[in-house]
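K.L.:
One structure coming up, written as structure tokens, with questions to follow.
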Amino acid sequence: MSSTDLGKIREKYIGKLTIKEPYSKTRWLSTRIRGYVDLFRGFTLIAPLLISMSIIVASIVYHKVPLSSNWWITVGYASATIVIVNAASNALNQATDVEADKISKPYRPIPRKIVKPDEAQSLAYILYLLALFRSVTINLWFGVFIFLIMIFTVTYSLPPRTKKYLFINQIWIAIPRGMFGILAAWSVFGDPFTPTPLIIGSIATVYLIGGMATKDIVDSEADRKTGTHTLINTYGRKKTALICFPFMFFPFTFIPIFINQGLLESYLWPLISLVFLSFLIVYLMVRATESKTLENVHAWSIMYIQYILFAMGFSLLTIFHEVLPF
């Protein structure tokens with residue numbers, strides 16, 4: 001089968017693979033349904049899925065929780081709930097960022113008039129309610145953390161719209177994606193108010209305060225024109241990279257200090273190696289090379305990958321220490 005034939009099959013049954021490609025009706029999906037799917041921004045949902053699953057499994061092993069035969073269903077159910085609240089946040093953000101997206105991301109479903117802003121906003125609220133309902137069926141603390149994530153992400157996009165305010169916007173998006181996300185995942189099987197999840201969540205939060213600046217590079221001009229003040233459109237890429245570097249560097253270098261203080265287990269030493277990716281992210285922030293397929297620059301993609309590696313590394317090291325006989 002030739003590449004031309006494969007292309008025709010893809011066009012007929014699958015349609016576009018990336019968000020930047022034009023919309024076309026397929027046998028299975030209309031352009032409208034595909035537009036709704038694109039509101040969720042699938043690439044950004046990989047991180048909360050893998051991170052939450054990693055943290056939940058780590059908490060199971062760390063606490064030596066007796067497992068039933070369907071424990072994996074609980075892990076998947078809780079992780080999916082965290083993904084749903086992130087999808088709701090993505091949809092709401094697009095519903096309220098229409099003018100900016102017309103400038104910097106005209107390929108999104110709302111600027112292309114595939115989906116209307118009020119439809120995206122309604123869909124976001126439905127997903128928020130679904131996530132909240134699912135969360136309280138797991139346990140109280142998981143429900144509390146999901147609710148807190150909702151509050152932060154809603155107020156990020158809606159009035160008082162903290163996204164507009166310099167520095168506050170970085171912190172406001174880092175807390176739910178870092179601290180609350182980690183604590184929510186840990187609370188499924190463990191106590192979220194113990195040193196380990198609190199420190200891991202703090203490391204993630206500080207890291208994201210710096211790392212989340214990468215998402216604003218492509219939107220710099222659009223944000224400036226629509227009254228949103230970010231580090232990028234206030235200080236430029238180079239100064240922003242220097243401002244953000246300590247936030248992405250020091251959290252990992254503090255891991256040995258936490259270990260020496262008895263607040264983290266000694267087997268977590270290898271996590272400090274992730275600091276090298278922080279140098280790469282800063283370098284890529286300055287270069288600001290935009291991805292041809294994803295929605296942002298390469299630094300943004302590597303930032304997500306580093307966060308995933310941090311959570312998965314934490315989980316694997318915990319499993320190796322607790323399960324393997326050495």
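Within each chain, counting starts at residue 1; across the structure tokens, chains are named A, B, ... in the order shown, with ligands numbered 1 upward in that order.
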With a distance cut-off of 7 Å and only C-alpha atoms, select the neighbouring residues of segment 246-249 of chain A, excluding the residue or stretch itself and same-chain residues fewer than 6 positions from it, and output the selection as JSON, numbers by chain.

P.N.:
{"A": [206, 207, 209, 210, 211, 275, 278]}

K.L.:
Report the distance between atom CA of Lys64 of chain A and atom CA of Ser315 of chain A in Å, rounded to one decimal place.

P.N.:
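Calculated distance between atom CA of Lys64 of chain A and atom CA of Ser315 of chain A is 13.5 Å.
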
K.L.:
Which residue gives the smallest distance to Phe250 of chain A among A:Ser202, A:Ser220, A:Thr234, A:Asn93, with only C-alpha atoms counted?

P.N.:
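Using only C-alpha atoms, Phe250 of chain A sits closest to A:Ser202.
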
K.L.:
With a distance cut-off of 12 Å and only C-alpha atoms, select the neighbouring residues of segment 297-305 of chain A, excluding the residue or stretch itself and same-chain residues fewer than 4 positions from it, and output the selection as JSON, numbers by chain.

P.N.:
{"A": [43, 44, 45, 46, 47, 48, 49, 50, 51, 177, 178, 204, 207, 208, 209, 210, 211, 212, 213, 214, 215, 216, 217, 218, 219, 237, 241, 244, 245, 248, 274, 275, 276, 277, 278, 279, 280, 281, 282, 283, 284, 285, 286, 287, 288, 289, 290, 291, 292, 293, 309, 310, 311, 312, 313]}

K.L.:
What does the distance from atom CA of Ser122 of chain A to atom CA of Ala95 of chain A come to in Å, to one decimal?

P.N.:
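These two atoms are separated by 9.2 Å.
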
K.L.:
Could you find all residues in segment 85-277 of chain A that DSSP calls alpha helix (DSSP H) from the backbone, and write them as a VMD selection string?

P.N.:
chain A and resid 85 to 96 98 to 104 117 to 136 140 to 157 168 to 175 181 to 187 195 to 211 220 to 225 231 to 253 255 to 260 275 to 277

K.L.:
So that I can see what lies close to Val188 of chain A, please list as a PDB file with C-alpha atoms, in the first residue's frame the residues with an atom at most 8 Å from it, counting only C-alpha atoms and leaving out residues fewer than 5 positions away in the same chain.

P.N.:
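Result file is selection22.pdb:
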```pdb
ATOM      1  CA  ILE A  56      -1.385   6.978  42.978  1.00  0.00           C
ATOM      2  CA  ALA A  78      -9.257   8.599  39.789  1.00  0.00           C
ATOM      3  CA  ILE A 138     -13.672   8.098  45.688  1.00  0.00           C
ATOM      4  CA  ASN A 139     -13.160   9.824  49.032  1.00  0.00           C
ATOM      5  CA  PHE A 142      -9.921  13.620  46.736  1.00  0.00           C
TER       6      PHE A 142
END
```

K.L.:
Rounded to one decimal place, report the atom CA of Lys225 of chain A-atom CA of Ser104 of chain A distance in Å.

P.N.:
10.8 Å

K.L.:
Give the answer as one residue: which of A:Pro109, A:Gly262, A:Pro176, A:Gly76 has the shortest atom-to-atom distance to Arg32 of chain A, using only C-alpha atoms?

P.N.:
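Of A:Pro109, A:Gly262, A:Pro176, A:Gly76, the one nearest Arg32 of chain A, counting only C-alpha atoms, is A:Pro109.
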
K.L.:
My list of candidates is A:Tyr107, A:Trp28, A:Phe320, A:Phe40. Which is closest to Leu127 of chain A when distances are computed with only C-alpha atoms?

P.N.:
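Selected residue with least distance to Leu127 of chain A: A:Phe40.
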